[in-house]
file run.cif (mmCIF, C-alpha atoms, pLDDT in the B column; chains and numbers go by the auth columns)
data_work
loop_
_atom_site.group_PDB
_atom_site.id
_atom_site.type_symbol
_atom_site.label_atom_id
_atom_site.label_comp_id
_atom_site.label_asym_id
_atom_site.label_seq_id
_atom_site.Cartn_x
_atom_site.Cartn_y
_atom_site.Cartn_z
_atom_site.B_iso_or_equiv
_atom_site.auth_seq_id
_atom_site.auth_asym_id
ATOM 1 C CA MET A 1 -8.938 19.593 0.945 64.00 1 P
ATOM 2 C CA GLY A 2 -6.754 17.650 -1.477 83.00 2 P
ATOM 3 C CA LYS A 3 -6.341 13.920 -1.782 91.00 3 P
ATOM 4 C CA LYS A 4 -3.457 12.129 -0.104 95.00 4 P
ATOM 5 C CA VAL A 5 -1.482 9.342 -1.736 96.00 5 P
ATOM 6 C CA TYR A 6 0.220 6.474 0.080 97.00 6 P
ATOM 7 C CA PHE A 7 2.064 3.512 -1.412 96.00 7 P
ATOM 8 C CA LEU A 8 2.015 -0.155 -0.476 96.00 8 P
ATOM 9 C CA SER A 9 4.784 -1.904 -2.354 94.00 9 P
ATOM 10 C CA ASN A 10 6.260 -5.397 -2.507 93.00 10 P
ATOM 11 C CA PHE A 11 9.533 -3.952 -3.805 87.00 11 P
ATOM 12 C CA SER A 12 12.510 -5.778 -2.323 88.00 12 P
ATOM 13 C CA GLU A 13 15.539 -4.013 -0.895 90.00 13 P
ATOM 14 C CA ALA A 14 17.641 -5.162 -3.867 90.00 14 P
ATOM 15 C CA ALA A 15 15.039 -3.973 -6.366 86.00 15 P
ATOM 16 C CA LEU A 16 14.841 -0.596 -4.656 86.00 16 P
ATOM 17 C CA ALA A 17 18.617 -0.219 -4.711 87.00 17 P
ATOM 18 C CA GLY A 18 18.705 -1.062 -8.414 89.00 18 P
ATOM 19 C CA CYS A 19 15.658 0.994 -9.437 84.00 19 P
ATOM 20 C CA GLN A 20 15.742 4.253 -7.509 84.00 20 P
ATOM 21 C CA ASP A 21 14.211 6.062 -10.492 86.00 21 P
ATOM 22 C CA ALA A 22 11.227 3.691 -10.573 83.00 22 P
ATOM 23 C CA MET A 23 10.420 4.535 -6.967 86.00 23 P
ATOM 24 C CA ALA A 24 11.164 8.264 -7.151 90.00 24 P
ATOM 25 C CA PHE A 25 7.426 8.963 -6.867 91.00 25 P
ATOM 26 C CA ARG A 26 7.666 8.123 -3.140 91.00 26 P
ATOM 27 C CA LYS A 27 8.801 11.667 -2.342 93.00 27 P
ATOM 28 C CA GLU A 28 5.464 12.921 -3.731 94.00 28 P
ATOM 29 C CA CYS A 29 3.488 10.675 -1.354 96.00 29 P
ATOM 30 C CA GLU A 30 2.399 11.367 2.204 96.00 30 P
ATOM 31 C CA GLY A 31 3.818 8.020 3.251 97.00 31 P
ATOM 32 C CA GLY A 32 3.844 4.366 2.470 97.00 32 P
ATOM 33 C CA ILE A 33 5.068 0.902 3.214 97.00 33 P
ATOM 34 C CA LEU A 34 7.811 -1.097 1.565 95.00 34 P
ATOM 35 C CA SER A 35 7.320 -4.777 2.289 95.00 35 P
ATOM 36 C CA PHE A 36 10.978 -5.563 2.873 95.00 36 P
ATOM 37 C CA GLU A 37 11.135 -3.009 5.678 95.00 37 P
ATOM 38 C CA GLU A 38 8.157 -4.599 7.452 96.00 38 P
ATOM 39 C CA GLN A 39 8.936 -8.240 6.612 96.00 39 P
ATOM 40 C CA VAL A 40 5.442 -8.828 5.231 96.00 40 P
ATOM 41 C CA ILE A 41 4.212 -8.784 1.638 96.00 41 P
ATOM 42 C CA LYS A 42 0.912 -8.348 -0.157 97.00 42 P
ATOM 43 C CA PRO A 43 -1.496 -10.062 -0.067 97.00 43 P
ATOM 44 C CA ALA A 44 -0.861 -10.835 3.638 98.00 44 P
ATOM 45 C CA PRO A 45 -3.555 -9.108 5.707 98.00 45 P
ATOM 46 C CA GLU A 46 -0.997 -7.614 8.103 98.00 46 P
ATOM 47 C CA ILE A 47 0.411 -5.247 5.492 98.00 47 P
ATOM 48 C CA TYR A 48 -2.987 -3.757 4.646 97.00 48 P
ATOM 49 C CA GLN A 49 -3.831 -3.349 8.331 98.00 49 P
ATOM 50 C CA LEU A 50 -0.430 -1.743 8.922 98.00 50 P
ATOM 51 C CA LEU A 51 -1.055 0.847 6.206 98.00 51 P
ATOM 52 C CA LEU A 52 -4.493 1.715 7.565 98.00 52 P
ATOM 53 C CA THR A 53 -3.301 1.890 11.168 98.00 53 P
ATOM 54 C CA ARG A 54 0.005 3.700 10.666 98.00 54 P
ATOM 55 C CA TYR A 55 -1.570 6.498 8.641 98.00 55 P
ATOM 56 C CA HIS A 56 -4.955 6.543 10.402 97.00 56 P
ATOM 57 C CA LEU A 57 -6.765 5.874 7.125 96.00 57 P
ATOM 58 C CA ASP A 58 -10.513 5.400 6.962 95.00 58 P
ATOM 59 C CA PRO A 59 -11.172 2.467 4.592 95.00 59 P
ATOM 60 C CA ASP A 60 -14.493 4.021 3.556 92.00 60 P
ATOM 61 C CA LYS A 61 -12.624 7.093 2.304 93.00 61 P
ATOM 62 C CA SER A 62 -9.743 5.189 0.723 93.00 62 P
ATOM 63 C CA VAL A 63 -9.114 3.638 -2.680 93.00 63 P
ATOM 64 C CA PHE A 64 -6.670 0.826 -3.420 94.00 64 P
ATOM 65 C CA LEU A 65 -5.055 0.367 -6.836 93.00 65 P
ATOM 66 C CA ASP A 66 -2.683 -2.455 -7.725 94.00 66 P
ATOM 67 C CA ASP A 67 -1.127 -3.959 -10.813 92.00 67 P
ATOM 68 C CA THR A 68 -1.537 -7.543 -9.569 94.00 68 P
ATOM 69 C CA TYR A 69 -4.987 -9.095 -9.281 94.00 69 P
ATOM 70 C CA ARG A 70 -4.097 -11.391 -6.369 95.00 70 P
ATOM 71 C CA ASN A 71 -3.581 -8.324 -4.144 95.00 71 P
ATOM 72 C CA LEU A 72 -7.131 -7.053 -4.632 94.00 72 P
ATOM 73 C CA PRO A 73 -9.273 -9.484 -2.578 95.00 73 P
ATOM 74 C CA MET A 74 -7.497 -8.627 0.680 96.00 74 P
ATOM 75 C CA ALA A 75 -7.863 -4.902 -0.005 95.00 75 P
ATOM 76 C CA GLU A 76 -11.551 -5.561 -0.527 94.00 76 P
ATOM 77 C CA TYR A 77 -11.671 -7.470 2.764 95.00 77 P
ATOM 78 C CA PHE A 78 -10.382 -4.350 4.534 95.00 78 P
ATOM 79 C CA GLY A 79 -12.909 -2.196 2.698 94.00 79 P
ATOM 80 C CA ILE A 80 -10.438 -0.209 0.612 93.00 80 P
ATOM 81 C CA LEU A 81 -11.465 -1.687 -2.717 74.00 81 P
ATOM 82 C CA ARG A 82 -15.041 -1.362 -3.821 66.00 82 P
ATOM 83 C CA GLU A 83 -16.892 -1.362 -7.077 59.00 83 P
ATOM 84 C CA SER A 84 -18.832 1.846 -7.648 49.00 84 P
#

call {"tool": "encode", "arguments": {"input": "run.cif", "output": "C-alpha cells"}}
result
Amino acid sequence: MGKKVYFLSNFSEAALAGCQDAMAFRKECEGGILSFEEQVIKPAPEIYQLLLTRYHLDPDKSVFLDDTYRNLPMAEYFGILRES
C-alpha cells in the first residue's frame, strides 16, 4: 500500500489566484485544506483537527512537514509530528 499525501496550507485566495503554478501539486494529493476556504489558519488547532477528521487520518501513522517553525508545536500536540 502506497503513502497518501495531503496538504494543509495557509495560502490566501489572492495568493492562489496569482500563483496557480506554485499550487499545481494539489492535483497529485489525495486531498487537503486551504485556510481561506475554512476561515482558519495554522497554527490554530481547529485546522489540524479538521485535516485529521475530514480525511480520517490516524495521527500515529501520519507525518507533518512545514516550512514555518511556529506551525510545528500544534502538529506535535495532535501527534502528527514526532522525533524519531

call {"tool": "resolve_selection", "arguments": {"input": "run.cif", "expression": "the PyMOL selection byres ((chain P and resi 11-26) around 12)", "output": "NGL selection string"}}
result
:P and (5-10 or 27-42)

call {"tool": "residues_around", "arguments": {"input": "run.cif", "residues": "region 47-63 of chain P", "least_positions_apart": "5", "cutoff": "6 Å", "atoms": "only C-alpha atoms", "output": "ChimeraX atom specification"}}
result
/P:79-81

call {"tool": "atom_distance", "arguments": {"input": "run.cif", "atom1": "CA of Met74 (chain P)", "atom2": "CA of Pro45 (chain P)"}}
result
6.4 Å
